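Below is the file upload31.cif, which contains mmCIF, C-alpha atoms and all ligand atoms; chains and numbers go by the auth columns.
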data_coords
loop_
_atom_site.group_PDB
_atom_site.id
_atom_site.type_symbol
_atom_site.label_atom_id
_atom_site.label_comp_id
_atom_site.label_asym_id
_atom_site.label_seq_id
_atom_site.Cartn_x
_atom_site.Cartn_y
_atom_site.Cartn_z
_atom_site.B_iso_or_equiv
_atom_site.auth_seq_id
_atom_site.auth_asym_id
ATOM 1 C CA MET A 1 94.659 92.872 103.487 0.00 8 A
ATOM 2 C CA ARG A 2 92.384 95.734 104.484 0.00 9 A
ATOM 3 C CA ARG A 3 90.218 94.698 107.401 0.00 10 A
ATOM 4 C CA GLU A 4 86.578 95.545 106.810 0.00 11 A
ATOM 5 C CA ILE A 5 85.043 98.027 109.204 0.00 12 A
ATOM 6 C CA LEU A 6 81.312 98.110 109.866 0.00 13 A
ATOM 7 C CA ALA A 7 80.207 101.128 111.841 0.00 14 A
ATOM 8 C CA ALA A 8 76.772 101.900 113.221 0.00 15 A
ATOM 9 C CA ASN A 9 75.699 105.517 113.098 0.00 16 A
ATOM 10 C CA TRP A 10 72.822 105.785 115.517 0.00 17 A
ATOM 11 C CA LYS A 11 72.301 109.504 114.858 0.00 18 A
ATOM 12 C CA MET A 12 69.693 111.062 117.186 0.00 19 A
ATOM 13 C CA ASN A 13 68.014 107.767 117.942 0.00 20 A
ATOM 14 C CA HIS A 14 68.065 105.588 121.035 0.00 21 A
ATOM 15 C CA THR A 15 68.047 106.902 124.567 0.00 22 A
ATOM 16 C CA ASN A 16 70.679 105.860 127.054 0.00 23 A
ATOM 17 C CA THR A 17 68.494 102.997 128.257 0.00 24 A
ATOM 18 C CA SER A 18 67.620 101.598 124.844 0.00 25 A
ATOM 19 C CA GLY A 19 71.178 102.137 123.557 0.00 26 A
ATOM 20 C CA VAL A 20 72.795 100.200 126.387 0.00 27 A
ATOM 21 C CA ALA A 21 70.180 97.467 126.053 0.00 28 A
ATOM 22 C CA MET A 22 70.944 97.170 122.352 0.00 29 A
ATOM 23 C CA ILE A 23 74.714 96.965 122.857 0.00 30 A
ATOM 24 C CA LYS A 24 74.190 94.191 125.382 0.00 31 A
ATOM 25 C CA GLU A 25 72.068 92.315 122.866 0.00 32 A
ATOM 26 C CA LEU A 26 74.637 92.927 120.128 0.00 33 A
ATOM 27 C CA ILE A 27 77.725 91.728 122.033 0.00 34 A
ATOM 28 C CA PRO A 28 77.098 87.964 121.843 0.00 35 A
ATOM 29 C CA LEU A 29 75.772 88.209 118.282 0.00 36 A
ATOM 30 C CA VAL A 30 78.958 89.737 116.859 0.00 37 A
ATOM 31 C CA LYS A 31 81.640 88.328 119.139 0.00 38 A
ATOM 32 C CA ASP A 32 83.144 86.222 116.345 0.00 39 A
ATOM 33 C CA ALA A 33 82.936 88.894 113.645 0.00 40 A
ATOM 34 C CA LYS A 34 85.896 89.063 111.285 0.00 41 A
ATOM 35 C CA ALA A 35 85.225 92.713 110.583 0.00 42 A
ATOM 36 C CA GLU A 36 86.002 95.566 112.934 0.00 43 A
ATOM 37 C CA VAL A 37 82.729 96.504 114.632 0.00 44 A
ATOM 38 C CA VAL A 38 82.043 100.056 115.749 0.00 45 A
ATOM 39 C CA VAL A 39 79.032 101.768 117.277 0.00 46 A
ATOM 40 C CA CYS A 40 78.853 105.557 116.969 0.00 47 A
ATOM 41 C CA ALA A 41 76.332 107.199 119.236 0.00 48 A
ATOM 42 C CA PRO A 42 75.302 110.530 120.771 0.00 49 A
ATOM 43 C CA TYR A 43 77.736 111.969 123.337 0.00 50 A
ATOM 44 C CA LEU A 44 75.380 111.486 126.230 0.00 51 A
ATOM 45 C CA MET A 45 75.439 107.705 126.171 0.00 52 A
ATOM 46 C CA LEU A 46 79.095 107.131 125.261 0.00 53 A
ATOM 47 C CA THR A 47 80.276 106.510 128.824 0.00 54 A
ATOM 48 C CA ASP A 48 77.635 103.855 129.417 0.00 55 A
ATOM 49 C CA LEU A 49 78.215 102.220 126.036 0.00 56 A
ATOM 50 C CA ILE A 50 81.964 102.053 126.676 0.00 57 A
ATOM 51 C CA GLU A 51 81.304 100.457 130.041 0.00 58 A
ATOM 52 C CA ALA A 52 78.881 97.941 128.504 0.00 59 A
ATOM 53 C CA ALA A 53 81.275 97.071 125.652 0.00 60 A
ATOM 54 C CA LYS A 54 84.390 96.770 127.812 0.00 61 A
ATOM 55 C CA GLY A 55 86.398 93.637 126.960 0.00 62 A
ATOM 56 C CA THR A 56 84.399 92.967 123.774 0.00 63 A
ATOM 57 C CA ASN A 57 85.272 93.421 120.091 0.00 64 A
ATOM 58 C CA ILE A 58 82.962 96.450 119.749 0.00 65 A
ATOM 59 C CA GLY A 59 84.637 99.864 119.575 0.00 66 A
ATOM 60 C CA ILE A 60 82.719 102.997 120.469 0.00 67 A
ATOM 61 C CA GLY A 61 82.691 106.221 118.475 0.00 68 A
ATOM 62 C CA ALA A 62 81.223 109.713 118.707 0.00 69 A
ATOM 63 C CA GLU A 63 79.207 111.323 115.907 0.00 70 A
ATOM 64 C CA ASN A 64 81.121 114.610 115.979 0.00 71 A
ATOM 65 C CA LEU A 65 83.695 116.634 117.919 0.00 72 A
ATOM 66 C CA TYR A 66 84.759 120.273 118.008 0.00 73 A
ATOM 67 C CA PHE A 67 88.053 121.455 116.534 0.00 74 A
ATOM 68 C CA GLU A 68 89.174 123.601 119.461 0.00 75 A
ATOM 69 C CA ASP A 69 90.865 122.145 122.541 0.00 76 A
ATOM 70 C CA LYS A 70 88.792 123.979 125.136 0.00 77 A
ATOM 71 C CA GLY A 71 87.170 127.278 125.930 0.00 78 A
ATOM 72 C CA ALA A 72 84.002 129.279 125.471 0.00 79 A
ATOM 73 C CA TYR A 73 82.183 127.065 122.972 0.00 80 A
ATOM 74 C CA THR A 74 78.832 126.457 124.595 0.00 81 A
ATOM 75 C CA GLY A 75 77.373 123.096 123.695 0.00 82 A
ATOM 76 C CA GLU A 76 80.490 121.691 122.059 0.00 83 A
ATOM 77 C CA VAL A 77 82.546 118.607 122.972 0.00 84 A
ATOM 78 C CA SER A 78 86.330 118.360 122.616 0.00 85 A
ATOM 79 C CA GLY A 79 88.683 115.605 121.573 0.00 86 A
ATOM 80 C CA ALA A 80 90.139 115.560 125.087 0.00 87 A
ATOM 81 C CA MET A 81 86.702 114.861 126.571 0.00 88 A
ATOM 82 C CA LEU A 82 86.116 111.987 124.194 0.00 89 A
ATOM 83 C CA LYS A 83 89.559 110.504 124.669 0.00 90 A
ATOM 84 C CA GLU A 84 89.349 110.605 128.439 0.00 91 A
ATOM 85 C CA ILE A 85 86.224 108.428 128.585 0.00 92 A
ATOM 86 C CA GLY A 86 87.657 105.875 126.150 0.00 93 A
ATOM 87 C CA VAL A 87 86.085 106.817 122.823 0.00 94 A
ATOM 88 C CA GLN A 88 88.086 105.345 119.919 0.00 95 A
ATOM 89 C CA TYR A 89 86.406 106.643 116.748 0.00 96 A
ATOM 90 C CA VAL A 90 84.672 109.793 115.602 0.00 97 A
ATOM 91 C CA ILE A 91 82.473 110.463 112.578 0.00 98 A
ATOM 92 C CA ILE A 92 83.434 113.738 110.922 0.00 99 A
ATOM 93 C CA GLY A 93 81.556 115.697 108.266 0.00 100 A
ATOM 94 C CA HIS A 94 78.462 113.560 107.963 0.00 101 A
ATOM 95 C CA SER A 95 76.190 115.039 105.281 0.00 102 A
ATOM 96 C CA GLU A 96 73.534 115.766 107.916 0.00 103 A
ATOM 97 C CA ARG A 97 76.060 117.908 109.756 0.00 104 A
ATOM 98 C CA ARG A 98 77.061 119.616 106.517 0.00 105 A
ATOM 99 C CA GLN A 99 73.412 120.199 105.633 0.00 106 A
ATOM 100 C CA TYR A 100 71.894 121.234 108.983 0.00 107 A
ATOM 101 C CA PHE A 101 74.838 122.456 111.062 0.00 108 A
ATOM 102 C CA ASN A 102 76.982 124.396 108.595 0.00 109 A
ATOM 103 C CA GLU A 103 79.813 121.899 108.571 0.00 110 A
ATOM 104 C CA THR A 104 82.238 122.822 105.793 0.00 111 A
ATOM 105 C CA ASP A 105 85.168 121.076 104.142 0.00 112 A
ATOM 106 C CA GLU A 106 87.446 123.392 106.106 0.00 113 A
ATOM 107 C CA SER A 107 85.907 122.540 109.478 0.00 114 A
ATOM 108 C CA VAL A 108 86.041 118.870 108.529 0.00 115 A
ATOM 109 C CA ASN A 109 89.783 119.210 107.944 0.00 116 A
ATOM 110 C CA LYS A 110 90.317 120.929 111.294 0.00 117 A
ATOM 111 C CA LYS A 111 88.315 118.228 113.059 0.00 118 A
ATOM 112 C CA VAL A 112 90.284 115.436 111.371 0.00 119 A
ATOM 113 C CA HIS A 113 93.505 116.985 112.675 0.00 120 A
ATOM 114 C CA LYS A 114 91.987 117.308 116.148 0.00 121 A
ATOM 115 C CA ALA A 115 90.886 113.669 116.098 0.00 122 A
ATOM 116 C CA PHE A 116 94.481 112.579 115.446 0.00 123 A
ATOM 117 C CA GLU A 117 95.798 114.890 118.117 0.00 124 A
ATOM 118 C CA TYR A 118 93.666 112.993 120.627 0.00 125 A
ATOM 119 C CA GLY A 119 94.272 109.517 119.241 0.00 126 A
ATOM 120 C CA LEU A 120 90.777 109.076 117.779 0.00 127 A
ATOM 121 C CA THR A 121 90.216 107.319 114.458 0.00 128 A
ATOM 122 C CA PRO A 122 88.308 109.669 112.151 0.00 129 A
ATOM 123 C CA ILE A 123 85.540 108.315 109.927 0.00 130 A
ATOM 124 C CA VAL A 124 85.310 111.080 107.349 0.00 131 A
ATOM 125 C CA CYS A 125 82.146 111.321 105.270 0.00 132 A
ATOM 126 C CA VAL A 126 82.029 112.511 101.678 0.00 133 A
ATOM 127 C CA GLY A 127 79.308 112.243 99.056 0.00 134 A
ATOM 128 C CA GLU A 128 77.174 114.001 96.482 0.00 135 A
ATOM 129 C CA SER A 129 73.559 115.119 96.324 0.00 136 A
ATOM 130 C CA LEU A 130 71.254 113.824 93.614 0.00 137 A
ATOM 131 C CA GLU A 131 71.539 117.147 91.804 0.00 138 A
ATOM 132 C CA GLN A 132 75.333 116.922 91.795 0.00 139 A
ATOM 133 C CA ARG A 133 75.129 113.357 90.504 0.00 140 A
ATOM 134 C CA ASP A 134 72.828 114.508 87.703 0.00 141 A
ATOM 135 C CA TYR A 135 75.293 117.237 86.764 0.00 142 A
ATOM 136 C CA GLY A 136 77.948 114.543 86.432 0.00 143 A
ATOM 137 C CA VAL A 137 80.254 116.012 89.068 0.00 144 A
ATOM 138 C CA THR A 138 80.169 113.178 91.610 0.00 145 A
ATOM 139 C CA ASN A 139 83.793 112.144 91.298 0.00 146 A
ATOM 140 C CA ASP A 140 85.000 115.757 91.082 0.00 147 A
ATOM 141 C CA LEU A 141 83.096 116.665 94.210 0.00 148 A
ATOM 142 C CA VAL A 142 84.142 113.638 96.201 0.00 149 A
ATOM 143 C CA ARG A 143 87.784 114.219 95.231 0.00 150 A
ATOM 144 C CA TYR A 144 87.462 117.858 96.305 0.00 151 A
ATOM 145 C CA GLN A 145 85.969 116.868 99.662 0.00 152 A
ATOM 146 C CA THR A 146 88.599 114.174 100.191 0.00 153 A
ATOM 147 C CA LYS A 147 91.521 116.457 99.345 0.00 154 A
ATOM 148 C CA ILE A 148 90.440 119.147 101.780 0.00 155 A
ATOM 149 C CA ALA A 149 89.562 116.640 104.511 0.00 156 A
ATOM 150 C CA LEU A 150 93.045 115.114 104.341 0.00 157 A
ATOM 151 C CA TYR A 151 94.951 118.363 103.841 0.00 158 A
ATOM 152 C CA GLY A 152 98.072 118.575 105.987 0.00 159 A
ATOM 153 C CA LEU A 153 97.951 114.981 107.262 0.00 160 A
ATOM 154 C CA SER A 154 101.023 112.772 107.205 0.00 161 A
ATOM 155 C CA ALA A 155 101.066 109.540 105.194 0.00 162 A
ATOM 156 C CA GLU A 156 100.997 107.563 108.444 0.00 163 A
ATOM 157 C CA GLN A 157 97.862 109.389 109.528 0.00 164 A
ATOM 158 C CA VAL A 158 96.134 108.915 106.200 0.00 165 A
ATOM 159 C CA LYS A 159 96.636 105.155 106.483 0.00 166 A
ATOM 160 C CA GLU A 160 94.534 105.302 109.663 0.00 167 A
ATOM 161 C CA VAL A 161 91.711 107.425 108.248 0.00 168 A
ATOM 162 C CA VAL A 162 88.450 105.736 107.351 0.00 169 A
ATOM 163 C CA ILE A 163 86.638 107.455 104.485 0.00 170 A
ATOM 164 C CA ALA A 164 82.908 106.867 104.190 0.00 171 A
ATOM 165 C CA TYR A 165 81.433 107.439 100.759 0.00 172 A
ATOM 166 C CA GLU A 166 77.820 108.335 101.407 0.00 173 A
ATOM 167 C CA PRO A 167 75.720 109.527 98.485 0.00 174 A
ATOM 168 C CA VAL A 168 73.293 111.957 100.126 0.00 175 A
ATOM 169 C CA TRP A 169 70.394 110.681 98.017 0.00 176 A
ATOM 170 C CA ALA A 170 70.863 107.186 99.442 0.00 177 A
ATOM 171 C CA ILE A 171 70.922 108.133 103.133 0.00 178 A
ATOM 172 C CA GLY A 172 67.795 107.113 104.962 0.00 179 A
ATOM 173 C CA THR A 173 65.863 106.921 101.717 0.00 180 A
ATOM 174 C CA GLY A 174 65.864 103.181 101.198 0.00 181 A
ATOM 175 C CA ARG A 175 67.452 103.926 97.836 0.00 182 A
ATOM 176 C CA THR A 176 70.896 102.317 97.790 0.00 183 A
ATOM 177 C CA ALA A 177 73.576 103.068 95.251 0.00 184 A
ATOM 178 C CA THR A 178 74.153 100.038 93.053 0.00 185 A
ATOM 179 C CA SER A 179 77.303 98.166 93.913 0.00 186 A
ATOM 180 C CA GLU A 180 78.801 99.400 90.614 0.00 187 A
ATOM 181 C CA GLN A 181 77.979 103.040 91.394 0.00 188 A
ATOM 182 C CA ALA A 182 79.408 102.717 94.900 0.00 189 A
ATOM 183 C CA GLU A 183 82.506 100.904 93.683 0.00 190 A
ATOM 184 C CA GLU A 184 83.197 103.530 91.028 0.00 191 A
ATOM 185 C CA VAL A 185 83.241 106.359 93.563 0.00 192 A
ATOM 186 C CA CYS A 186 85.131 104.385 96.234 0.00 193 A
ATOM 187 C CA ALA A 187 87.761 103.590 93.586 0.00 194 A
ATOM 188 C CA ALA A 188 87.936 107.290 92.678 0.00 195 A
ATOM 189 C CA ILE A 189 88.521 108.145 96.343 0.00 196 A
ATOM 190 C CA ARG A 190 91.326 105.597 96.554 0.00 197 A
ATOM 191 C CA ALA A 191 92.851 106.936 93.336 0.00 198 A
ATOM 192 C CA CYS A 192 92.743 110.426 94.818 0.00 199 A
ATOM 193 C CA VAL A 193 94.579 109.204 97.937 0.00 200 A
ATOM 194 C CA ALA A 194 97.132 107.495 95.672 0.00 201 A
ATOM 195 C CA GLU A 195 97.756 110.755 93.811 0.00 202 A
ATOM 196 C CA LEU A 196 98.311 112.587 97.069 0.00 203 A
ATOM 197 C CA TYR A 197 100.154 109.995 99.154 0.00 204 A
ATOM 198 C CA GLY A 198 101.219 107.188 96.826 0.00 205 A
ATOM 199 C CA LYS A 199 99.916 103.720 96.141 0.00 206 A
ATOM 200 C CA ASP A 200 101.094 102.127 99.405 0.00 207 A
ATOM 201 C CA VAL A 201 99.049 104.530 101.479 0.00 208 A
ATOM 202 C CA ALA A 202 96.054 104.235 99.153 0.00 209 A
ATOM 203 C CA ASP A 203 96.205 100.445 99.429 0.00 210 A
ATOM 204 C CA GLU A 204 95.858 100.697 103.198 0.00 211 A
ATOM 205 C CA VAL A 205 93.198 103.351 103.605 0.00 212 A
ATOM 206 C CA ARG A 206 89.761 101.934 104.234 0.00 213 A
ATOM 207 C CA VAL A 207 86.815 103.252 102.252 0.00 214 A
ATOM 208 C CA GLN A 208 83.314 102.485 103.471 0.00 215 A
ATOM 209 C CA TYR A 209 80.017 102.784 101.671 0.00 216 A
ATOM 210 C CA GLY A 210 77.034 104.275 103.489 0.00 217 A
ATOM 211 C CA GLY A 211 73.443 104.907 102.446 0.00 218 A
ATOM 212 C CA SER A 212 70.618 102.446 103.120 0.00 219 A
ATOM 213 C CA MET A 213 73.009 99.545 103.598 0.00 220 A
ATOM 214 C CA LYS A 214 71.096 96.620 105.084 0.00 221 A
ATOM 215 C CA PRO A 215 71.443 92.848 105.502 0.00 222 A
ATOM 216 C CA SER A 216 69.903 92.235 102.059 0.00 223 A
ATOM 217 C CA ASN A 217 72.341 94.391 100.069 0.00 224 A
ATOM 218 C CA ALA A 218 75.485 94.413 102.224 0.00 225 A
ATOM 219 C CA GLU A 219 77.040 91.307 100.757 0.00 226 A
ATOM 220 C CA GLU A 220 76.989 92.606 97.200 0.00 227 A
ATOM 221 C CA LEU A 221 78.353 96.011 98.185 0.00 228 A
ATOM 222 C CA LEU A 222 81.061 94.575 100.427 0.00 229 A
ATOM 223 C CA ALA A 223 82.184 92.171 97.715 0.00 230 A
ATOM 224 C CA MET A 224 83.426 95.107 95.640 0.00 231 A
ATOM 225 C CA GLU A 225 87.168 95.559 95.515 0.00 232 A
ATOM 226 C CA ASN A 226 87.302 99.102 96.816 0.00 233 A
ATOM 227 C CA ILE A 227 84.547 98.917 99.441 0.00 234 A
ATOM 228 C CA ASP A 228 86.044 98.018 102.798 0.00 235 A
ATOM 229 C CA GLY A 229 83.037 98.297 105.027 0.00 236 A
ATOM 230 C CA GLY A 230 79.933 100.291 105.729 0.00 237 A
ATOM 231 C CA LEU A 231 78.548 103.172 107.741 0.00 238 A
ATOM 232 C CA ILE A 232 75.062 102.114 108.659 0.00 239 A
ATOM 233 C CA GLY A 233 72.216 104.219 109.989 0.00 240 A
ATOM 234 C CA GLY A 234 68.722 102.747 109.987 0.00 241 A
ATOM 235 C CA ALA A 235 69.799 99.113 109.879 0.00 242 A
ATOM 236 C CA SER A 236 72.113 99.607 112.851 0.00 243 A
ATOM 237 C CA LEU A 237 69.402 100.492 115.347 0.00 244 A
ATOM 238 C CA VAL A 238 68.240 96.945 116.009 0.00 245 A
ATOM 239 C CA ALA A 239 70.753 94.336 117.199 0.00 246 A
ATOM 240 C CA ASP A 240 69.292 91.617 115.010 0.00 247 A
ATOM 241 C CA ASP A 241 69.584 93.652 111.772 0.00 248 A
ATOM 242 C CA PHE A 242 73.031 95.029 112.498 0.00 249 A
ATOM 243 C CA SER A 243 74.428 91.643 113.527 0.00 250 A
ATOM 244 C CA LYS A 244 72.946 89.988 110.430 0.00 251 A
ATOM 245 C CA LEU A 245 74.626 92.589 108.275 0.00 252 A
ATOM 246 C CA ILE A 246 77.928 92.028 110.061 0.00 253 A
ATOM 247 C CA ARG A 247 77.710 88.265 109.705 0.00 254 A
HETATM 248 P P1 LIG B . 71.247 105.001 106.483 0.00 1 B
HETATM 249 O O1 LIG B . 72.283 106.073 107.052 0.00 1 B
HETATM 250 O O2 LIG B . 71.907 103.659 106.590 0.00 1 B
HETATM 251 O O3 LIG B . 70.041 105.118 107.387 0.00 1 B
HETATM 252 O O4 LIG B . 70.947 105.377 105.080 0.00 1 B
HETATM 253 C C1 LIG B . 73.650 105.968 106.764 0.00 1 B
HETATM 254 C C2 LIG B . 74.384 107.152 107.323 0.00 1 B
HETATM 255 O O5 LIG B . 73.847 108.266 107.271 0.00 1 B
HETATM 256 O O6 LIG B . 75.504 107.028 107.857 0.00 1 B
#
Could I get this structure in the form of structure tokens?
Amino acid sequence: MRREILAANWKMNHTNTSGVAMIKELIPLVKDAKAEVVVCAPYLMLTDLIEAAKGTNIGIGAENLYFEDKGAYTGEVSGAMLKEIGVQYVIIGHSERRQYFNETDESVNKKVHKAFEYGLTPIVCVGESLEQRDYGVTNDLVRYQTKIALYGLSAEQVKEVVIAYEPVWAIGTGRTATSEQAEEVCAAIRACVAELYGKDVADEVRVQYGGSMKPSNAEELLAMENIDGGLIGGASLVADDFSKLIR
């Protein structure tokens, strides 16, 4: 009953020209997709991508937003700005933002609230480093991140959140979590949501896997009970790869 959601995370790749060209190539390839298809891209090209994807089944998302409404925050982009141009989704708390841009669990929570305030669907990223996995604290950590990210949200809002489980050691490394490893953590995330909001909410919330997902391993990962989609970096940059994965 949960509709799968496959979201591209282009990161700091593609220019406006190559991004728009890729979306145009992608549109016919995924027009019959059963899954929800999303492309998240740098701010600069969102307007053109939205224009190119108008009337199609591809939704457009940002890769971040700021948690204040407006003001003296040089270089930042607000929820209002995203909403006005027609952005529908926003990635929040990607591990690269946590690692390189001081994103914290607390700022993630503020951003999730801001996303809802502006009618954007948040794709919230959680996940452990290799060191944390070796210490055996993966599930503890992911529960901790999830609890803070969702803090203060209503049950109705939590049903709309997409949670992306992304083991840091699998991102961009070509090293994918096994479907069993990914399923175990995605199930732990769902159990955490059930503890906080009850089983009905947990049954509706969509949990993605991300980390070197590609056409050759997507089927096995997506077949797992608690994996409802993917957040895809490298394999989302070329229309052929991303559409194969979606199909
Ligand atoms: P990857 O990136 O597919 O290139 O590993 C996934 C992500 O960071 O969202």
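Distances to Ala40 of chain A were evaluated for A:Thr183, A:Ser25, A:Gly100, A:Ile253 using all atoms listed in the file, and the minimum falls at A:Ile253.
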Item to complete: Using atom CA of Pro35 of chain A and atom CA of Val131 of chain A as the two end points, give the distance in Å to one decimal.
Response: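 Distance between the two atoms: 28.5 Å.
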Fill in: Residues in the PyMOL selection byres (((chain A and resi 41) around 12) and not hetatm), expressed as a list in words
Arg9, Arg10, Glu11, Ile12, Leu13, Val37, Lys38, Asp39, Ala40, Ala42, Glu43, Val44, Asn64, Ile65, Gly236, Ser250, Ile253 and Arg254 of chain A
Discussion item. As a check of understanding, name the residues that the PyMOL selection byres (((chain A and resi 74-89) around 10) and not hetatm) selects in the supplied structure, as a ChimeraX atom specification.
Written reply: /A:50,53-54,68-69,71-73,90-97,114-127
C-alpha atoms of the current selection, written as a PDB file, in the coordinates of the input:
ATOM      1  CA  TYR A  50      77.736 111.969 123.337  1.00  0.00           C
ATOM      2  CA  LEU A  53      79.095 107.131 125.261  1.00  0.00           C
ATOM      3  CA  THR A  54      80.276 106.510 128.824  1.00  0.00           C
ATOM      4  CA  GLY A  68      82.691 106.221 118.475  1.00  0.00           C
ATOM      5  CA  ALA A  69      81.223 109.713 118.707  1.00  0.00           C
ATOM      6  CA  ASN A  71      81.121 114.610 115.979  1.00  0.00           C
ATOM      7  CA  LEU A  72      83.695 116.634 117.919  1.00  0.00           C
ATOM      8  CA  TYR A  73      84.759 120.273 118.008  1.00  0.00           C
ATOM      9  CA  LYS A  90      89.559 110.504 124.669  1.00  0.00           C
ATOM     10  CA  GLU A  91      89.349 110.605 128.439  1.00  0.00           C
ATOM     11  CA  ILE A  92      86.224 108.428 128.585  1.00  0.00           C
ATOM     12  CA  GLY A  93      87.657 105.875 126.150  1.00  0.00           C
ATOM     13  CA  VAL A  94      86.085 106.817 122.823  1.00  0.00           C
ATOM     14  CA  GLN A  95      88.086 105.345 119.919  1.00  0.00           C
ATOM     15  CA  TYR A  96      86.406 106.643 116.748  1.00  0.00           C
ATOM     16  CA  VAL A  97      84.672 109.793 115.602  1.00  0.00           C
ATOM     17  CA  SER A 114      85.907 122.540 109.478  1.00  0.00           C
ATOM     18  CA  VAL A 115      86.041 118.870 108.529  1.00  0.00           C
ATOM     19  CA  ASN A 116      89.783 119.210 107.944  1.00  0.00           C
ATOM     20  CA  LYS A 117      90.317 120.929 111.294  1.00  0.00           C
ATOM     21  CA  LYS A 118      88.315 118.228 113.059  1.00  0.00           C
ATOM     22  CA  VAL A 119      90.284 115.436 111.371  1.00  0.00           C
ATOM     23  CA  HIS A 120      93.505 116.985 112.675  1.00  0.00           C
ATOM     24  CA  LYS A 121      91.987 117.308 116.148  1.00  0.00           C
ATOM     25  CA  ALA A 122      90.886 113.669 116.098  1.00  0.00           C
ATOM     26  CA  PHE A 123      94.481 112.579 115.446  1.00  0.00           C
ATOM     27  CA  GLU A 124      95.798 114.890 118.117  1.00  0.00           C
ATOM     28  CA  TYR A 125      93.666 112.993 120.627  1.00  0.00           C
ATOM     29  CA  GLY A 126      94.272 109.517 119.241  1.00  0.00           C
ATOM     30  CA  LEU A 127      90.777 109.076 117.779  1.00  0.00           C
TER      31      LEU A 127
END
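Atom CA of Ser186 of chain A lies 7.1 Å from atom CA of Met231 of chain A.
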Excluding Tyr172 of chain A and residues on its chain fewer than 6 positions from it, collect all residues at most 8 Å away from it, counting all atoms listed in the file, and give them as an mmCIF file with C-alpha atoms, in the frame of the given file.
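Here's the written file part03.cif:
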data_model
loop_
_atom_site.group_PDB
_atom_site.id
_atom_site.type_symbol
_atom_site.label_atom_id
_atom_site.label_comp_id
_atom_site.auth_asym_id
_atom_site.auth_seq_id
_atom_site.Cartn_x
_atom_site.Cartn_y
_atom_site.Cartn_z
ATOM 1 C CA CYS A 132 82.146 111.321 105.270
ATOM 2 C CA VAL A 133 82.029 112.511 101.678
ATOM 3 C CA GLY A 134 79.308 112.243 99.056
ATOM 4 C CA ALA A 189 79.408 102.717 94.900
ATOM 5 C CA VAL A 192 83.241 106.359 93.563
ATOM 6 C CA CYS A 193 85.131 104.385 96.234
ATOM 7 C CA VAL A 214 86.815 103.252 102.252
ATOM 8 C CA GLN A 215 83.314 102.485 103.471
ATOM 9 C CA TYR A 216 80.017 102.784 101.671
ATOM 10 C CA GLY A 217 77.034 104.275 103.489
#
Item to complete: Check which residues fall inside 10 Å of ligand LIG 1 (chain B) when counting all atoms listed in the file, and print them as a ChimeraX atom specification.
Response: /A:14-18,47,70,98,101-103,132,171-183,216-221,237-244
Item to complete: Mind giving me the straight-line distance from atom CA of Val45 of chain A to atom CA of Asn23 of chain A in Å, one decimal?
Response: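 About the pair atom CA of Val45 of chain A and atom CA of Asn23 of chain A: they are 17.0 Å apart.
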Edge lengths and centre in Å to one decimal, as JSON, of the axis-aligned box that encloses all listed atoms of segment 167-180 of chain A with 6 Å added on every side?
{"center_x": 80.2, "center_y": 108.6, "center_z": 103.8, "size_x": 40.7, "size_y": 18.7, "size_z": 23.6}
Discussion item. Using all atoms listed in the file, list the residues that have an atom at most 12 Å from (82.4, 112.7, 88.4), coordinates as in the file, as a list in words.
Written reply: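 Residues lying no farther than 12 Å from the given point: Gly134, Glu135, Gln139, Arg140, Asp141, Tyr142, Gly143, Val144, Thr145, Asn146, Asp147, Leu148, Val149, Arg150, Tyr151, Gln188, Glu191, Val192, Cys193, Ala194, Ala195 and Ile196 of chain A.
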Item to complete: Kindly indicate which residue among A:Asp112, A:Glu227, A:Asp207, A:Asp247 lies nearest to Lys31 of chain A, using all atoms listed in the file for the distances.
Response: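 So, comparing all the options, the nearest one is A:Asp247.
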Please write as a short mmCIF file (atom, residue, chain, number, x, y, z; two decimals) with C-alpha atoms, in the coordinates of the input the list of polymer residues whose atoms come within 7 Å of (92.0, 113.3, 103.3), counting only C-alpha atoms and keeping to the coordinates of the file.
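Full text of part_20.cif as output:
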data_model
loop_
_atom_site.label_atom_id
_atom_site.label_comp_id
_atom_site.auth_asym_id
_atom_site.auth_seq_id
_atom_site.Cartn_x
_atom_site.Cartn_y
_atom_site.Cartn_z
CA THR A 153 88.60 114.17 100.19
CA LYS A 154 91.52 116.46 99.34
CA ILE A 155 90.44 119.15 101.78
CA ALA A 156 89.56 116.64 104.51
CA LEU A 157 93.04 115.11 104.34
CA TYR A 158 94.95 118.36 103.84
CA VAL A 165 96.13 108.92 106.20
#
Item to complete: Would you please work out which residue, of A:Ala246, A:Ala184, A:Ala209, A:Leu56, is nearest to Met29 of chain A when using only C-alpha atoms?
Response: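 Among A:Ala246, A:Ala184, A:Ala209, A:Leu56, it is A:Ala246 that comes nearest to Met29 of chain A.
Using all atoms listed in the file, the smallest distance between any of A:Ile67, A:Leu228, A:Ala48, A:Met8 and Thr185 of chain A comes from A:Leu228.
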Worksheet item: Smallest atom-to-atom distance to Ala230 of chain A: which of A:Lys61, A:Glu190, A:Asp55, A:Thr22, using only C-alpha atoms?
Response: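 For Ala230 of chain A, the nearest of the given residues is A:Glu190.
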